[in-house]
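Trainee: Have a peek at structure_17.cif (mmCIF, C-alpha atoms).
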```cif
data_model
loop_
_atom_site.label_atom_id
_atom_site.label_comp_id
_atom_site.auth_asym_id
_atom_site.auth_seq_id
_atom_site.Cartn_x
_atom_site.Cartn_y
_atom_site.Cartn_z
CA MET A 132 169.94 -89.20 398.20
CA ALA A 133 170.07 -88.60 401.93
CA ARG A 134 168.44 -91.24 404.14
CA ARG A 135 166.38 -88.63 405.96
CA LEU A 136 165.09 -87.30 402.66
CA VAL A 137 163.97 -90.59 401.21
CA SER A 138 164.77 -93.79 402.99
CA LYS A 139 163.41 -93.24 406.50
CA HIS A 140 160.09 -91.79 405.48
CA LEU A 141 159.98 -93.74 402.29
CA LEU A 142 160.04 -96.86 402.93
CA THR A 143 159.94 -93.40 406.72
CA ARG A 144 140.01 -86.97 412.80
CA ARG A 145 128.39 -85.35 414.91
CA ALA A 146 128.06 -84.58 418.17
CA GLY A 147 126.71 -81.01 418.57
CA MET A 148 122.92 -81.50 418.32
CA ALA A 149 123.06 -84.97 419.83
CA VAL A 150 125.02 -83.73 422.82
CA ALA A 151 122.63 -80.81 423.29
CA SER A 152 119.68 -83.23 423.29
CA VAL A 153 121.28 -85.51 425.85
CA LEU A 154 122.12 -82.55 428.07
CA ALA A 155 118.52 -81.34 427.97
CA ALA A 156 117.18 -84.81 428.77
CA THR A 157 119.50 -85.43 431.68
CA ALA A 158 118.81 -81.96 433.09
CA GLY A 159 115.11 -82.89 433.30
CA LEU A 160 115.81 -86.21 435.01
CA ALA A 161 117.85 -84.55 437.72
CA VAL A 162 114.84 -82.78 439.23
CA CYS A 163 113.40 -85.87 440.94
CA ALA A 164 116.12 -88.47 440.92
CA THR A 165 115.89 -91.56 443.16
CA PRO A 166 119.11 -93.34 444.25
CA GLY A 167 118.70 -95.74 441.32
CA ASP A 168 117.99 -92.88 438.97
CA ALA A 169 121.06 -91.07 440.30
CA ALA A 170 123.29 -93.99 439.40
CA ALA A 171 121.81 -94.09 435.91
CA LEU A 172 122.18 -90.33 435.70
CA ASN A 173 125.85 -90.49 436.64
CA THR A 174 126.39 -93.06 433.91
CA ALA A 175 124.58 -90.88 431.39
CA ASN A 176 126.54 -87.82 432.45
CA ALA A 177 129.81 -89.72 432.11
CA ALA A 178 128.83 -90.88 428.63
CA ASP A 179 127.75 -87.36 427.72
CA ALA A 180 131.03 -85.92 428.99
CA GLY A 181 132.81 -88.45 426.81
CA ARG A 182 130.88 -87.27 423.77
CA VAL A 183 131.66 -83.64 424.52
CA GLY A 184 135.34 -84.47 424.98
CA HIS A 185 135.32 -86.46 421.78
CA ALA A 186 133.78 -83.58 419.83
CA THR A 187 136.27 -81.14 421.32
CA ALA A 188 139.20 -83.35 420.37
CA ALA A 189 137.89 -83.59 416.82
CA LYS A 190 137.62 -79.80 416.57
CA ARG A 191 141.18 -79.38 417.83
CA LEU A 192 142.47 -81.88 415.31
CA ALA A 193 140.53 -80.20 412.52
CA ALA A 194 142.06 -76.84 413.45
CA LEU A 195 145.57 -78.29 413.33
CA MET A 196 144.79 -79.90 409.98
CA ARG A 197 143.78 -76.49 408.62
CA GLN A 198 147.10 -75.12 409.82
CA ASP A 199 148.78 -77.97 407.98
CA LEU A 200 147.01 -76.96 404.77
CA ASP A 201 147.89 -73.30 405.36
CA ALA A 202 151.53 -74.34 405.65
CA GLY A 203 151.36 -76.01 402.24
CA ALA A 204 150.02 -79.57 402.63
CA PRO A 205 147.92 -80.61 399.63
CA GLY A 206 145.75 -82.80 401.84
CA VAL A 207 145.71 -84.57 405.19
CA VAL A 208 143.63 -87.41 406.63
CA VAL A 209 143.31 -88.34 410.30
CA ARG A 210 141.56 -91.40 411.69
CA VAL A 211 141.52 -92.03 415.45
CA ASN A 212 140.12 -95.02 417.30
CA ASP A 213 140.44 -94.26 421.02
CA GLY A 214 138.86 -97.55 422.11
CA SER A 215 135.60 -95.91 423.16
CA GLY A 216 133.64 -96.99 420.11
CA ARG A 217 133.51 -93.42 418.81
CA MET A 218 135.68 -92.81 415.77
CA ILE A 219 137.23 -89.56 414.63
CA SER A 220 137.57 -89.60 410.86
CA LEU A 221 138.64 -86.36 409.16
CA ALA A 222 139.87 -85.34 405.72
CA GLN A 223 140.87 -81.89 404.55
CA GLN A 224 142.40 -80.79 401.28
CA ALA A 225 143.63 -77.63 399.59
CA THR A 226 141.08 -76.11 397.22
CA TRP A 227 143.33 -76.51 394.20
CA THR A 228 143.44 -80.31 394.64
CA LYS A 229 139.68 -80.82 394.34
CA ARG A 230 139.76 -80.92 390.55
CA ASP A 231 141.70 -84.19 390.79
CA HIS A 232 140.01 -86.00 393.67
CA LYS A 233 137.73 -85.47 396.66
CA LEU A 234 139.86 -86.60 399.56
CA SER A 235 138.31 -89.03 402.04
CA ALA A 236 139.52 -90.93 405.08
CA ASP A 237 138.25 -94.05 403.28
CA ASP A 238 140.61 -93.58 400.35
CA GLN A 239 143.44 -95.92 399.50
CA PHE A 240 146.96 -94.60 400.07
CA ARG A 241 150.40 -95.93 399.32
CA MET A 242 151.68 -96.71 402.80
CA GLY A 243 155.40 -96.96 402.08
CA SER A 244 157.47 -98.43 404.88
CA ASN A 245 154.43 -99.56 406.84
CA THR A 246 154.94 -102.54 404.54
CA LYS A 247 157.90 -103.49 406.73
CA THR A 248 155.66 -104.30 409.70
CA MET A 249 153.72 -106.81 407.63
CA VAL A 250 156.94 -108.35 406.33
CA GLY A 251 158.18 -108.59 409.92
CA VAL A 252 155.01 -110.47 410.90
CA LEU A 253 155.52 -112.92 408.05
CA ALA A 254 159.11 -113.58 409.10
CA LEU A 255 158.10 -114.26 412.69
CA GLN A 256 155.23 -116.51 411.64
CA LEU A 257 157.55 -118.62 409.50
CA ALA A 258 160.07 -118.71 412.35
CA ALA A 259 157.37 -120.01 414.71
CA GLU A 260 156.64 -122.74 412.16
CA HIS A 261 160.34 -123.60 411.93
CA LYS A 262 160.47 -122.80 408.23
CA LEU A 263 163.33 -120.44 408.96
CA SER A 264 165.28 -119.14 411.95
CA LEU A 265 165.98 -115.51 412.72
CA GLN A 266 169.56 -116.61 413.36
CA ASP A 267 169.92 -117.96 409.83
CA PRO A 268 172.65 -116.23 407.87
CA VAL A 269 171.43 -114.56 404.69
CA ASP A 270 173.71 -116.80 402.64
CA LYS A 271 171.67 -119.83 403.68
CA TRP A 272 168.79 -118.52 401.57
CA LEU A 273 170.43 -116.15 399.09
CA PRO A 274 174.00 -117.38 398.61
CA GLY A 275 176.31 -114.76 397.16
CA LEU A 276 173.65 -112.06 396.65
CA VAL A 277 174.42 -109.96 399.72
CA PRO A 278 177.87 -108.71 400.77
CA ASN A 279 178.99 -110.35 404.01
CA GLY A 280 175.90 -112.57 403.84
CA ARG A 281 177.61 -115.26 405.90
CA ASN A 282 177.68 -112.95 408.91
CA ILE A 283 174.35 -111.14 408.53
CA THR A 284 171.38 -112.85 410.19
CA LEU A 285 167.72 -112.46 409.33
CA LYS A 286 167.23 -110.71 412.67
CA MET A 287 169.81 -108.12 411.69
CA LEU A 288 167.84 -107.45 408.52
CA LEU A 289 164.63 -107.06 410.53
CA ASN A 290 166.05 -104.52 412.99
CA HIS A 291 168.34 -102.69 410.56
CA THR A 292 171.62 -103.68 412.18
CA SER A 293 173.00 -105.46 409.12
CA GLY A 294 175.16 -102.60 407.89
CA LEU A 295 173.90 -103.04 404.32
CA TYR A 296 173.98 -99.96 402.12
CA ASP A 297 170.52 -98.59 401.27
CA TYR A 298 169.97 -98.98 397.53
CA ILE A 299 167.69 -95.92 397.59
CA ASN A 300 170.75 -93.74 398.13
CA ASP A 301 172.37 -94.83 394.88
CA PRO A 302 172.02 -92.26 392.05
CA SER A 303 170.51 -94.91 389.77
CA ALA A 304 167.46 -95.11 392.05
CA LEU A 305 166.60 -91.45 391.51
CA ALA A 306 164.98 -92.03 388.13
CA ARG A 307 162.61 -94.61 389.67
CA VAL A 308 161.78 -92.47 392.70
CA ILE A 309 160.81 -89.45 390.57
CA GLY A 310 158.97 -91.57 388.00
CA ALA A 311 161.28 -91.00 385.06
CA ASP A 312 161.93 -94.75 384.89
CA GLN A 313 158.87 -96.89 385.54
CA SER A 314 160.13 -100.07 383.96
CA PRO A 315 159.79 -103.36 385.89
CA VAL A 316 162.60 -104.15 388.29
CA GLN A 317 163.44 -107.41 390.02
CA PRO A 318 164.49 -107.63 393.71
CA GLU A 319 167.85 -109.09 392.69
CA ALA A 320 168.57 -105.96 390.65
CA LEU A 321 167.94 -103.80 393.71
CA LEU A 322 170.22 -106.01 395.79
CA ALA A 323 172.90 -105.69 393.11
CA VAL A 324 172.76 -101.89 393.44
CA SER A 325 173.40 -102.16 397.17
CA ALA A 326 176.14 -104.74 396.67
CA LYS A 327 178.27 -102.18 394.84
CA TYR A 328 178.96 -100.50 398.18
CA PRO A 329 180.98 -101.74 401.16
CA PRO A 330 179.17 -102.49 404.43
CA LEU A 331 178.52 -99.47 406.62
CA PHE A 332 179.69 -101.32 409.74
CA LYS A 333 180.23 -104.76 411.17
CA PRO A 334 176.97 -106.76 411.23
CA GLY A 335 175.11 -106.23 414.50
CA ALA A 336 177.34 -103.40 415.66
CA GLU A 337 175.03 -100.45 414.95
CA TYR A 338 171.62 -99.37 413.67
CA SER A 339 171.20 -97.85 410.21
CA TYR A 340 167.85 -97.83 408.44
CA SER A 341 168.16 -99.52 405.06
CA ASN A 342 165.46 -100.55 402.63
CA THR A 343 167.89 -103.14 401.28
CA ASN A 344 167.24 -105.17 404.44
CA TYR A 345 163.58 -105.67 403.54
CA ILE A 346 164.15 -106.34 399.85
CA THR A 347 166.46 -109.10 401.08
CA LEU A 348 163.86 -110.36 403.55
CA GLY A 349 161.20 -110.44 400.86
CA ARG A 350 163.26 -112.83 398.78
CA VAL A 351 164.14 -114.95 401.82
CA LEU A 352 160.46 -115.31 402.72
CA GLU A 353 159.68 -116.42 399.20
CA LYS A 354 162.49 -118.98 399.24
CA ALA A 355 161.52 -120.35 402.66
CA SER A 356 157.81 -120.63 401.88
CA GLY A 357 157.79 -121.41 398.18
CA GLN A 358 155.20 -118.63 397.71
CA SER A 359 155.34 -115.11 396.33
CA LEU A 360 155.39 -112.24 398.80
CA ALA A 361 152.01 -111.05 397.55
CA THR A 362 150.55 -114.51 398.17
CA LEU A 363 152.06 -114.72 401.65
CA LEU A 364 150.57 -111.36 402.56
CA GLN A 365 147.17 -112.31 401.20
CA ARG A 366 146.99 -115.74 402.85
CA ARG A 367 148.49 -114.88 406.20
CA ILE A 368 147.45 -111.27 406.90
CA ILE A 369 145.17 -109.60 404.39
CA GLY A 370 142.67 -112.44 403.94
CA PRO A 371 142.37 -113.60 407.56
CA LEU A 372 141.90 -110.02 408.81
CA GLY A 373 139.49 -109.05 406.04
CA LEU A 374 141.61 -106.17 404.79
CA ARG A 375 139.59 -105.63 401.62
CA ASP A 376 141.42 -102.48 400.57
CA THR A 377 144.96 -103.68 401.13
CA TYR A 378 147.35 -105.23 398.62
CA LEU A 379 150.96 -105.28 397.55
CA ALA A 380 151.43 -103.21 394.38
CA ALA A 381 154.01 -105.70 393.23
CA ASN A 382 153.82 -104.58 389.61
CA GLY A 383 153.48 -100.92 390.51
CA THR A 384 149.84 -100.57 389.48
CA SER A 385 146.72 -99.83 391.50
CA ARG A 386 143.87 -102.34 391.55
CA ASP A 387 141.33 -99.57 391.99
CA GLY A 388 142.73 -96.30 390.71
CA ALA A 389 139.51 -94.44 391.43
CA ARG A 390 140.02 -94.97 395.17
CA LEU A 391 143.72 -94.16 395.26
CA ALA A 392 143.97 -90.65 396.70
CA ALA A 393 145.57 -88.03 394.46
CA ALA A 394 149.08 -87.16 395.60
CA TYR A 395 151.49 -84.33 394.92
CA GLU A 396 155.09 -83.18 395.13
CA PRO A 397 156.61 -79.72 394.59
CA ASP A 398 157.57 -78.81 391.01
CA ALA A 399 161.24 -78.52 390.03
CA GLU A 400 161.58 -74.90 391.20
CA HIS A 401 160.07 -75.52 394.62
CA LEU A 402 161.63 -78.96 395.02
CA ALA A 403 165.21 -77.78 394.52
CA PRO A 404 165.62 -76.09 397.95
CA LEU A 405 164.38 -79.28 399.64
CA LEU A 406 166.92 -81.60 398.05
CA PRO A 407 170.38 -82.44 399.44
CA PRO A 408 173.60 -81.44 397.69
CA GLY A 409 174.53 -83.58 394.72
CA VAL A 410 171.08 -84.07 393.25
CA PRO A 411 171.13 -82.96 389.58
CA GLU A 412 169.83 -79.47 388.89
CA GLY A 413 166.32 -79.46 387.44
CA THR A 414 165.29 -82.74 389.11
CA SER A 415 161.52 -82.99 388.94
CA PHE A 416 158.79 -85.58 389.45
CA ALA A 417 156.98 -87.06 386.48
CA GLY A 418 153.34 -86.08 386.15
CA PRO A 419 150.98 -83.31 385.09
CA ALA A 420 151.59 -79.82 386.46
CA ARG A 421 149.33 -78.48 389.18
CA GLY A 422 150.49 -74.90 389.78
CA GLU A 423 153.54 -75.17 392.03
CA HIS A 424 153.06 -78.94 392.31
CA VAL A 425 153.10 -82.08 390.21
CA LEU A 426 150.40 -84.78 390.38
CA VAL A 427 152.41 -87.93 391.12
CA THR A 428 149.68 -90.53 391.68
CA SER A 429 150.77 -92.50 388.62
CA ILE A 430 154.37 -93.04 389.77
CA SER A 431 154.94 -96.74 390.29
CA PRO A 432 156.08 -97.94 393.75
CA ALA A 433 157.30 -101.27 392.39
CA TRP A 434 160.91 -100.38 393.16
CA ALA A 435 159.94 -100.34 396.87
CA TRP A 436 158.47 -103.90 396.83
CA ALA A 437 158.91 -105.61 400.23
CA ALA A 438 160.30 -102.37 401.64
CA GLY A 439 157.31 -100.19 400.81
CA ALA A 440 154.78 -101.15 398.10
CA ILE A 441 151.68 -101.80 400.25
CA VAL A 442 148.50 -99.91 399.32
CA SER A 443 145.91 -99.66 402.10
CA THR A 444 143.31 -97.52 403.86
CA PRO A 445 143.53 -96.02 407.36
CA ALA A 446 140.82 -98.43 408.53
CA ASP A 447 142.68 -101.47 407.20
CA GLU A 448 146.03 -100.35 408.59
CA GLN A 449 144.50 -99.85 412.02
CA ARG A 450 142.79 -103.23 411.95
CA PHE A 451 146.12 -104.82 411.15
CA LEU A 452 148.01 -103.04 413.93
CA ARG A 453 145.33 -103.77 416.53
CA ALA A 454 145.35 -107.43 415.55
CA LEU A 455 149.12 -107.51 415.83
CA ALA A 456 149.32 -105.76 419.21
CA SER A 457 146.50 -107.86 420.71
CA GLY A 458 148.19 -111.13 419.78
CA LYS A 459 145.99 -112.29 416.90
CA LEU A 460 148.82 -112.59 414.38
CA LEU A 461 151.76 -113.80 416.46
CA ARG A 462 152.31 -116.11 419.39
CA PRO A 463 153.37 -114.36 422.63
CA ALA A 464 157.01 -115.36 422.22
CA GLN A 465 157.16 -114.00 418.67
CA LEU A 466 155.36 -110.77 419.60
CA LYS A 467 157.85 -110.28 422.40
CA GLN A 468 160.68 -110.78 419.93
CA MET A 469 159.17 -108.29 417.54
CA LYS A 470 159.01 -105.63 420.27
CA THR A 471 162.61 -106.16 421.37
CA THR A 472 164.17 -102.93 420.17
CA VAL A 473 167.39 -101.12 419.43
CA VAL A 474 167.81 -97.38 419.80
CA GLU A 475 167.72 -95.44 416.55
CA THR A 476 169.63 -92.36 417.72
CA PRO A 477 172.14 -93.20 420.45
CA GLY A 478 172.45 -90.50 423.09
CA ASP A 479 168.98 -89.10 422.45
CA PRO A 480 166.67 -90.00 425.38
CA LYS A 481 163.62 -89.26 423.20
CA SER A 482 164.82 -91.43 420.34
CA SER A 483 162.45 -93.88 418.72
CA ARG A 484 163.42 -97.52 418.99
CA TYR A 485 163.25 -100.16 416.29
CA GLY A 486 162.13 -103.75 416.73
CA LEU A 487 161.63 -106.44 414.12
CA GLY A 488 159.70 -104.44 411.56
CA ILE A 489 157.96 -102.26 414.12
CA GLU A 490 158.91 -98.97 415.74
CA GLU A 491 158.32 -97.66 419.25
CA TYR A 492 157.64 -93.92 418.93
CA ASN A 493 157.99 -91.85 422.08
CA SER A 494 155.17 -89.38 421.47
CA PRO A 495 154.60 -86.35 423.74
CA CYS A 496 151.81 -88.37 425.39
CA GLY A 497 153.63 -91.66 425.77
CA PRO A 498 155.03 -94.55 423.74
CA VAL A 499 153.10 -96.09 420.87
CA TRP A 500 153.86 -98.86 418.38
CA GLY A 501 153.70 -98.78 414.61
CA HIS A 502 155.63 -97.38 411.68
CA THR A 503 156.08 -94.42 409.39
CA GLY A 504 156.02 -94.66 405.65
CA GLY A 505 156.35 -92.68 402.48
CA VAL A 506 156.66 -92.91 398.74
CA PRO A 507 156.32 -89.95 396.38
CA GLY A 508 153.08 -88.17 397.19
CA TYR A 509 152.26 -90.07 400.36
CA SER A 510 153.53 -89.75 403.93
CA SER A 511 151.86 -91.86 406.59
CA GLN A 512 152.14 -92.71 410.26
CA ASN A 513 150.20 -95.61 411.79
CA TYR A 514 150.28 -96.45 415.50
CA THR A 515 148.54 -98.49 418.18
CA ASP A 516 148.82 -98.67 421.94
CA ALA A 517 150.49 -101.67 423.56
CA THR A 518 147.17 -103.52 423.99
CA GLY A 519 145.81 -103.06 420.49
CA LYS A 520 142.64 -101.35 421.78
CA ARG A 521 143.48 -97.98 420.28
CA SER A 522 144.90 -96.94 416.92
CA VAL A 523 145.63 -93.87 414.84
CA THR A 524 146.54 -93.01 411.27
CA VAL A 525 147.70 -89.75 409.73
CA VAL A 526 148.31 -89.52 405.98
CA THR A 527 149.53 -86.43 404.17
CA THR A 528 149.40 -86.30 400.38
CA THR A 529 153.00 -85.24 399.90
CA LEU A 530 156.34 -86.61 401.04
CA PHE A 531 159.13 -84.37 399.81
CA GLY A 532 157.02 -81.29 400.56
CA LEU A 533 157.30 -82.12 404.26
CA HIS A 534 160.99 -81.23 404.11
CA ASP A 535 159.93 -77.61 404.14
CA LYS A 536 160.51 -76.73 407.82
CA LYS A 537 157.22 -74.88 408.28
CA LEU A 538 155.13 -77.60 406.67
CA GLY A 539 157.04 -80.40 408.38
CA ALA A 540 156.47 -78.81 411.80
CA ALA A 541 152.75 -78.24 411.14
CA ASP A 542 152.32 -81.81 409.98
CA GLN A 543 154.08 -83.27 413.01
CA LYS A 544 151.73 -81.30 415.28
CA VAL A 545 148.82 -83.05 413.61
CA VAL A 546 150.49 -86.42 414.13
CA ASP A 547 151.30 -85.84 417.79
CA ALA A 548 147.85 -84.40 418.55
CA ALA A 549 146.23 -87.41 416.87
CA VAL A 550 148.39 -89.83 418.86
CA CYS A 551 147.53 -88.02 422.09
CA THR A 552 143.84 -88.12 421.21
CA MET A 553 144.14 -91.85 420.65
CA LEU A 554 145.63 -92.20 424.11
CA GLY A 555 142.88 -90.07 425.67
CA LYS A 556 145.25 -87.22 426.47
CA SER A 557 145.78 -83.62 425.41
CA LEU A 558 148.88 -82.56 423.56
CA PRO A 559 151.22 -81.00 426.15
CA ALA A 560 151.49 -77.22 425.94
CA THR A 561 155.23 -77.47 425.30
CA SER A 562 154.48 -79.44 422.12
CA LYS A 563 152.03 -76.91 420.66
#
```
Write the structure described by the file as structure tokens, please.
Mentor:
Amino acid sequence: MARRLVSKHLLTRRAGMAVASVLAATAGLAVCATPGDAAALNTANAADAGRVGHATAAKRLAALMRQDLDAGAPGVVVRVNDGSGRMISLAQQATWTKRDHKLSADDQFRMGSNTKTMVGVLALQLAAEHKLSLQDPVDKWLPGLVPNGRNITLKMLLNHTSGLYDYINDPSALARVIGADQSPVQPEALLAVSAKYPPLFKPGAEYSYSNTNYITLGRVLEKASGQSLATLLQRRIIGPLGLRDTYLAANGTSRDGARLAAAYEPDAEHLAPLLPPGVPEGTSFAGPARGEHVLVTSISPAWAWAAGAIVSTPADEQRFLRALASGKLLRPAQLKQMKTTVVETPGDPKSSRYGLGIEEYNSPCGPVWGHTGGVPGYSSQNYTDATGKRSVTVVTTTLFGLHDKKLGAADQKVVDAAVCTMLGKSLPATSK
């Protein structure tokens, strides 16, 4: 299956009465203000203006979210922390989805490739502790498991310059992606699928997003630490940061199914036009029918493992990214390494850039750091500013559905508007 279709997304928002009350109060104070009162008044007016601006931004985001639903999104969640202490937290869903689940910004979502950022942090932490080196060849840790492993370094895995074929693009992976095969699968089996194909290019020569890189890294981290990936995540990231709703769905199951948001993909008829040539006719996701959609919440993400099996909430994801950007998880030298990037699309001045498990997205309002992610039923984008003071999350409860041009465009408007709101800016008119 095409990388753009799966691999990149896969594993690639109450102020009205309060503001009115504050306005009335400050209007009264202005009648007989002393110099000291005037200073206090200016502060109050500034705070009030902030609240009005905040409420306006929330309304604009809500309107774009409704457009997203009108274009076909089953549901969309936006959570914005602009560093002011006032949070925008919005959830909207199509009426037909309410029988399955009442969507909330506090729900758990499968975050797909946002997993890669956490894996990148683990790799850099172990490097700082001299338990491994980013210049280690893969063969040092996994001899004979990866083609050309003598010449591929751990850094090349982290920034997708290894040239390894993405196992997700092999036809055998289709049954797992659509939920037809939900049997357990070991990382070595996924690596074996990739190993059937020759390298895409000489190691280090180019950039090509491949989930195989992070399956490989997951096993290397386990070898270097003597701990499972789930344990490493819990002890080094999830536990210390208090991410109570975050875990690796290593066996493909949800710890708290009642909080996992319901997710959907188009049925076979409506999916067909969105698939690339070569996908078997009649391909459909496993799950109960919901009109023109299929409920896919039960599809296991175990096949994504270190490349995309994290379950989390918008609040947890944002706490993680803020901690990372503000230096709480990595030493300065390692954080600098992580944000050393390669261009994803050569020749495109607006291209995103990829670091060591983190992406620099050039939004219409400026660069931000984070990652995209998606597994069947869930598409997410999580970003922070360079300081870690601001953060944003947008989750849409479909992945393949976003390949419809109208829906994809409407959804990206929500993302860009949310990012701009996070940065305290308005979405440029040319981007509307």
Trainee: Would you work out the distance separating CA of Pro498 (chain A) from CA of Thr518 (chain A), expressed in Å to one decimal?
Mentor: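 It comes out at 11.9 Å.
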Trainee: Selected by the PyMOL selection byres ((chain A and resi 319-325) around 9) in the shown coordinates: which residues, as a PyMOL selection string?
Mentor: chain A and resi 276-278+295-301+303-304+316-318+326-329+343+346-347+350+434
Trainee: Go through region 318-433 of chain A residue by residue and, counting all atoms listed in the file, keep those with an atom at most 7 Å from region 232-243 of chain A; for each kept residue give the shortest atom pair and its distance in Å to one decimal, ordered by chain and increasing number, as a Markdown table.
Mentor:
```
| residue | atom | partner | partner_atom | distance |
| --- | --- | --- | --- | --- |
| A:Asp376 | CA | A:Gln239 | CA | 6.9 |
| A:Arg390 | CA | A:Asp238 | CA | 5.4 |
| A:Leu391 | CA | A:Gln239 | CA | 4.6 |
| A:Ala392 | CA | A:Asp238 | CA | 5.8 |
| A:Ala393 | CA | A:His232 | CA | 6.0 |
```
Trainee: Store the residues picked out above in a file with C-alpha atoms, as a PDB file, in the coordinates of the input.
Mentor:
```
ATOM      1  CA  ASP A 376     141.420-102.480 400.570  1.00  0.00           C
ATOM      2  CA  ARG A 390     140.020 -94.970 395.170  1.00  0.00           C
ATOM      3  CA  LEU A 391     143.720 -94.160 395.260  1.00  0.00           C
ATOM      4  CA  ALA A 392     143.970 -90.650 396.700  1.00  0.00           C
ATOM      5  CA  ALA A 393     145.570 -88.030 394.460  1.00  0.00           C
TER       6      ALA A 393
END
```
Trainee: Residues within 6 Å of region 446-456 of chain A, please, as a PyMOL selection string. Count only C-alpha atoms; anything in the same chain fewer than 2 positions from it doesn't count.
Mentor: chain A and resi 374+444+458-460+518-519+522
Trainee: Restricting the calculation to all atoms listed in the file, which member of A:Pro397, A:Gly349, A:Pro480, A:Pro315 is positioned closest to Gly532 (chain A)?
Mentor: A:Pro397
Trainee: What would the list of residues within 8 Å of (151.8, -109.8, 397.9) (file frame) look like as a PyMOL selection string, if all atoms listed in the file are what count?
Mentor: chain A and resi 359-365+378-381
Trainee: Written as a PDB file with C-alpha atoms, in the coordinates of the input, which residues does the PyMOL selection byres ((chain A and resi 481) around 9) give for the file shown?
Mentor:
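The file below, part.pdb, is the result:
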```pdb
ATOM      1  CA  THR A 476     169.630 -92.360 417.720  1.00  0.00           C
ATOM      2  CA  GLY A 478     172.450 -90.500 423.090  1.00  0.00           C
ATOM      3  CA  ASP A 479     168.980 -89.100 422.450  1.00  0.00           C
ATOM      4  CA  PRO A 480     166.670 -90.000 425.380  1.00  0.00           C
ATOM      5  CA  SER A 482     164.820 -91.430 420.340  1.00  0.00           C
ATOM      6  CA  SER A 483     162.450 -93.880 418.720  1.00  0.00           C
ATOM      7  CA  TYR A 492     157.640 -93.920 418.930  1.00  0.00           C
ATOM      8  CA  ASN A 493     157.990 -91.850 422.080  1.00  0.00           C
ATOM      9  CA  SER A 494     155.170 -89.380 421.470  1.00  0.00           C
TER      10      SER A 494
END
```
Trainee: Counting only C-alpha atoms, what is within 6 Å of region 200-212 of chain A, bar same-chain residues fewer than 6 positions away, as JSON, numbers by chain?
Mentor: {"A": [144, 218, 219, 220, 221, 222, 223, 224, 225, 236, 521, 522, 523, 524, 525, 526, 527, 528, 538, 553]}
Trainee: Just the selected residues (C-alpha atoms), exported as a PDB file, in the frame of the given file, please.
Mentor:
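Writing the result to result-v1.pdb gives the following:
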```
ATOM      1  CA  ARG A 144     140.010 -86.970 412.800  1.00  0.00           C
ATOM      2  CA  MET A 218     135.680 -92.810 415.770  1.00  0.00           C
ATOM      3  CA  ILE A 219     137.230 -89.560 414.630  1.00  0.00           C
ATOM      4  CA  SER A 220     137.570 -89.600 410.860  1.00  0.00           C
ATOM      5  CA  LEU A 221     138.640 -86.360 409.160  1.00  0.00           C
ATOM      6  CA  ALA A 222     139.870 -85.340 405.720  1.00  0.00           C
ATOM      7  CA  GLN A 223     140.870 -81.890 404.550  1.00  0.00           C
ATOM      8  CA  GLN A 224     142.400 -80.790 401.280  1.00  0.00           C
ATOM      9  CA  ALA A 225     143.630 -77.630 399.590  1.00  0.00           C
ATOM     10  CA  ALA A 236     139.520 -90.930 405.080  1.00  0.00           C
ATOM     11  CA  ARG A 521     143.480 -97.980 420.280  1.00  0.00           C
ATOM     12  CA  SER A 522     144.900 -96.940 416.920  1.00  0.00           C
ATOM     13  CA  VAL A 523     145.630 -93.870 414.840  1.00  0.00           C
ATOM     14  CA  THR A 524     146.540 -93.010 411.270  1.00  0.00           C
ATOM     15  CA  VAL A 525     147.700 -89.750 409.730  1.00  0.00           C
ATOM     16  CA  VAL A 526     148.310 -89.520 405.980  1.00  0.00           C
ATOM     17  CA  THR A 527     149.530 -86.430 404.170  1.00  0.00           C
ATOM     18  CA  THR A 528     149.400 -86.300 400.380  1.00  0.00           C
ATOM     19  CA  LEU A 538     155.130 -77.600 406.670  1.00  0.00           C
ATOM     20  CA  MET A 553     144.140 -91.850 420.650  1.00  0.00           C
TER      21      MET A 553
END
```
Trainee: Would you write out, as a PyMOL selection string, every residue that the PyMOL selection byres ((chain A and resi 554-558) around 10) captures in this file?
Mentor: chain A and resi 184-185+188+191+211-215+494-499+515-516+520-523+544-545+547-553+559-563
Trainee: Using C-alpha atoms, can you export the residues from the last selection as a compact mmCIF listing (two decimals), in the frame of the given file?
Mentor:
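After the write, selection33.txt holds the following:
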```
# COMPACT_ATOMS: atom_id res chain seq x y z
CA GLY A 184 135.34 -84.47 424.98
CA HIS A 185 135.32 -86.46 421.78
CA ALA A 188 139.20 -83.35 420.37
CA ARG A 191 141.18 -79.38 417.83
CA VAL A 211 141.52 -92.03 415.45
CA ASN A 212 140.12 -95.02 417.30
CA ASP A 213 140.44 -94.26 421.02
CA GLY A 214 138.86 -97.55 422.11
CA SER A 215 135.60 -95.91 423.16
CA SER A 494 155.17 -89.38 421.47
CA PRO A 495 154.60 -86.35 423.74
CA CYS A 496 151.81 -88.37 425.39
CA GLY A 497 153.63 -91.66 425.77
CA PRO A 498 155.03 -94.55 423.74
CA VAL A 499 153.10 -96.09 420.87
CA THR A 515 148.54 -98.49 418.18
CA ASP A 516 148.82 -98.67 421.94
CA LYS A 520 142.64 -101.35 421.78
CA ARG A 521 143.48 -97.98 420.28
CA SER A 522 144.90 -96.94 416.92
CA VAL A 523 145.63 -93.87 414.84
CA LYS A 544 151.73 -81.30 415.28
CA VAL A 545 148.82 -83.05 413.61
CA ASP A 547 151.30 -85.84 417.79
CA ALA A 548 147.85 -84.40 418.55
CA ALA A 549 146.23 -87.41 416.87
CA VAL A 550 148.39 -89.83 418.86
CA CYS A 551 147.53 -88.02 422.09
CA THR A 552 143.84 -88.12 421.21
CA MET A 553 144.14 -91.85 420.65
CA PRO A 559 151.22 -81.00 426.15
CA ALA A 560 151.49 -77.22 425.94
CA THR A 561 155.23 -77.47 425.30
CA SER A 562 154.48 -79.44 422.12
CA LYS A 563 152.03 -76.91 420.66
```
